[in-house]
Amino acid sequence: MFPLAQRYVESVVLVEDESIRDAQRALWRALRIASEPGGAAAMAALLSGAYRPRPDARVGVVLCGGNTDAVSY
């Protein structure tokens, strides 16, 4: 995986754990999507402002809930 990331990943942003939890709660409240923390990291980057796409950019977020317990968001 790391050689692929070195070759194809242009940039990386870091998000705080609390931003990830906020994204999980937002996904649940707005869309009823229960996402695992790793799956909500990209959404957290957008919601927290850690990642700011160009105005003309098209952004997709891949979500996963495979490692999620039934918890209250």
# chains A, B, ... in the order shown; residues from 1 in each chain; ligands from 1

$ residues_around --residues "segment 42-55 of chain A" --least-positions-apart "3" --cutoff "7 Å" --atoms "only C-alpha atoms" --output "tab-separated table (two decimals) with N, CA and C atoms, in the first residue's frame"
chain	number	residue	atom	x	y	z
A	13	VAL	N	-4.14	15.35	4.75
A	13	VAL	CA	-4.48	16.25	5.85
A	13	VAL	C	-4.77	15.42	7.09
A	15	VAL	N	-6.88	15.16	10.76
A	15	VAL	CA	-8.05	15.67	11.48
A	15	VAL	C	-8.01	15.14	12.90
A	19	SER	N	-13.11	15.87	15.62
A	19	SER	CA	-13.69	16.21	14.31
A	19	SER	C	-14.28	14.97	13.65
A	20	ILE	N	-13.63	13.84	13.84
A	20	ILE	CA	-14.16	12.58	13.29
A	20	ILE	C	-15.47	12.22	13.99
A	23	ALA	N	-18.16	14.39	12.68
A	23	ALA	CA	-18.59	13.95	11.35
A	23	ALA	C	-19.49	12.72	11.45
A	61	VAL	N	-16.86	11.47	-1.22
A	61	VAL	CA	-16.43	10.92	0.07
A	61	VAL	C	-16.89	9.48	0.14

$ select_by_dssp --residues "chain A" --states "helix (DSSP H, G or I)" --output "number ranges by chain"
A: 2-8, 17-31, 37-48

$ write_last_selection --atoms "N, CA and C atoms" --output "mmCIF file, in the first residue's frame"
data_model
loop_
_atom_site.group_PDB
_atom_site.id
_atom_site.type_symbol
_atom_site.label_atom_id
_atom_site.label_comp_id
_atom_site.auth_asym_id
_atom_site.auth_seq_id
_atom_site.Cartn_x
_atom_site.Cartn_y
_atom_site.Cartn_z
ATOM 1 N N PHE A 2 1.901 1.303 0.819
ATOM 2 C CA PHE A 2 2.711 2.517 0.915
ATOM 3 C C PHE A 2 3.347 2.908 -0.418
ATOM 4 N N PRO A 3 3.889 1.961 -1.197
ATOM 5 C CA PRO A 3 4.428 2.356 -2.504
ATOM 6 C C PRO A 3 3.363 2.985 -3.409
ATOM 7 N N LEU A 4 2.138 2.488 -3.351
ATOM 8 C CA LEU A 4 1.053 3.083 -4.140
ATOM 9 C C LEU A 4 0.739 4.493 -3.656
ATOM 10 N N ALA A 5 0.703 4.667 -2.346
ATOM 11 C CA ALA A 5 0.440 5.992 -1.794
ATOM 12 C C ALA A 5 1.546 6.961 -2.190
ATOM 13 N N GLN A 6 2.785 6.525 -2.109
ATOM 14 C CA GLN A 6 3.894 7.387 -2.504
ATOM 15 C C GLN A 6 3.755 7.838 -3.957
ATOM 16 N N ARG A 7 3.284 6.947 -4.778
ATOM 17 C CA ARG A 7 3.200 7.234 -6.207
ATOM 18 C C ARG A 7 1.990 8.090 -6.581
ATOM 19 N N TYR A 8 0.836 7.841 -5.931
ATOM 20 C CA TYR A 8 -0.406 8.443 -6.402
ATOM 21 C C TYR A 8 -1.049 9.475 -5.464
ATOM 22 N N ASP A 17 -9.488 13.675 16.474
ATOM 23 C CA ASP A 17 -10.480 12.651 16.804
ATOM 24 C C ASP A 17 -11.862 13.265 17.013
ATOM 25 N N GLU A 18 -11.909 14.420 17.662
ATOM 26 C CA GLU A 18 -13.202 15.065 17.914
ATOM 27 C C GLU A 18 -13.887 15.461 16.606
ATOM 28 N N SER A 19 -13.114 15.874 15.615
ATOM 29 C CA SER A 19 -13.686 16.208 14.306
ATOM 30 C C SER A 19 -14.280 14.971 13.645
ATOM 31 N N ILE A 20 -13.635 13.837 13.837
ATOM 32 C CA ILE A 20 -14.162 12.582 13.291
ATOM 33 C C ILE A 20 -15.466 12.220 13.987
ATOM 34 N N ARG A 21 -15.498 12.354 15.305
ATOM 35 C CA ARG A 21 -16.740 12.058 16.036
ATOM 36 C C ARG A 21 -17.854 13.012 15.597
ATOM 37 N N ASP A 22 -17.513 14.291 15.395
ATOM 38 C CA ASP A 22 -18.513 15.254 14.918
ATOM 39 C C ASP A 22 -19.047 14.849 13.546
ATOM 40 N N ALA A 23 -18.163 14.395 12.680
ATOM 41 C CA ALA A 23 -18.588 13.953 11.348
ATOM 42 C C ALA A 23 -19.489 12.725 11.448
ATOM 43 N N GLN A 24 -19.141 11.788 12.327
ATOM 44 C CA GLN A 24 -19.994 10.617 12.519
ATOM 45 C C GLN A 24 -21.388 11.036 12.968
ATOM 46 N N ARG A 25 -21.448 11.960 13.924
ATOM 47 C CA ARG A 25 -22.755 12.430 14.416
ATOM 48 C C ARG A 25 -23.526 13.140 13.308
ATOM 49 N N ALA A 26 -22.848 13.982 12.528
ATOM 50 C CA ALA A 26 -23.506 14.704 11.436
ATOM 51 C C ALA A 26 -24.042 13.734 10.388
ATOM 52 N N LEU A 27 -23.259 12.728 10.052
ATOM 53 C CA LEU A 27 -23.716 11.734 9.075
ATOM 54 C C LEU A 27 -24.940 10.990 9.585
ATOM 55 N N TRP A 28 -24.943 10.682 10.874
ATOM 56 C CA TRP A 28 -26.085 9.973 11.431
ATOM 57 C C TRP A 28 -27.320 10.869 11.466
ATOM 58 N N ARG A 29 -27.149 12.091 11.952
ATOM 59 C CA ARG A 29 -28.301 13.002 12.072
ATOM 60 C C ARG A 29 -28.893 13.363 10.712
ATOM 61 N N ALA A 30 -28.058 13.661 9.739
ATOM 62 C CA ALA A 30 -28.553 14.144 8.441
ATOM 63 C C ALA A 30 -28.979 13.030 7.499
ATOM 64 N N LEU A 31 -28.228 11.914 7.520
ATOM 65 C CA LEU A 31 -28.454 10.882 6.504
ATOM 66 C C LEU A 31 -28.759 9.497 7.060
ATOM 67 N N PRO A 37 -15.127 5.347 12.457
ATOM 68 C CA PRO A 37 -14.257 6.521 12.496
ATOM 69 C C PRO A 37 -13.363 6.663 11.260
ATOM 70 N N GLY A 38 -12.748 5.602 10.821
ATOM 71 C CA GLY A 38 -11.900 5.681 9.633
ATOM 72 C C GLY A 38 -12.697 6.039 8.398
ATOM 73 N N GLY A 39 -13.930 5.580 8.356
ATOM 74 C CA GLY A 39 -14.792 5.892 7.228
ATOM 75 C C GLY A 39 -15.291 7.317 7.243
ATOM 76 N N ALA A 40 -15.326 7.937 8.415
ATOM 77 C CA ALA A 40 -15.804 9.315 8.534
ATOM 78 C C ALA A 40 -14.670 10.328 8.450
ATOM 79 N N ALA A 41 -13.435 9.879 8.334
ATOM 80 C CA ALA A 41 -12.289 10.785 8.361
ATOM 81 C C ALA A 41 -12.319 11.785 7.201
ATOM 82 N N ALA A 42 -12.660 11.336 6.014
ATOM 83 C CA ALA A 42 -12.707 12.255 4.868
ATOM 84 C C ALA A 42 -13.806 13.300 5.053
ATOM 85 N N MET A 43 -14.940 12.877 5.572
ATOM 86 C CA MET A 43 -16.025 13.834 5.844
ATOM 87 C C MET A 43 -15.590 14.819 6.917
ATOM 88 N N ALA A 44 -14.865 14.339 7.906
ATOM 89 C CA ALA A 44 -14.357 15.214 8.966
ATOM 90 C C ALA A 44 -13.402 16.255 8.400
ATOM 91 N N ALA A 45 -12.584 15.856 7.451
ATOM 92 C CA ALA A 45 -11.656 16.810 6.828
ATOM 93 C C ALA A 45 -12.418 17.925 6.130
ATOM 94 N N LEU A 46 -13.525 17.594 5.487
ATOM 95 C CA LEU A 46 -14.342 18.603 4.817
ATOM 96 C C LEU A 46 -15.076 19.494 5.820
ATOM 97 N N LEU A 47 -15.733 18.867 6.796
ATOM 98 C CA LEU A 47 -16.538 19.631 7.745
ATOM 99 C C LEU A 47 -15.691 20.523 8.645
ATOM 100 N N SER A 48 -14.505 20.075 8.992
ATOM 101 C CA SER A 48 -13.642 20.845 9.894
ATOM 102 C C SER A 48 -12.861 21.931 9.174
#

$ closest_residue --among "A:Glu36, A:Met1, A:Leu14, A:Val9" --to "Thr68 of chain A" --atoms "only C-alpha atoms"
A:Glu36

$ closest_residue --among "A:Ala57, A:Glu16, A:Glu10, A:Gly66" --to "Ser35 of chain A" --atoms "only C-alpha atoms"
A:Gly66
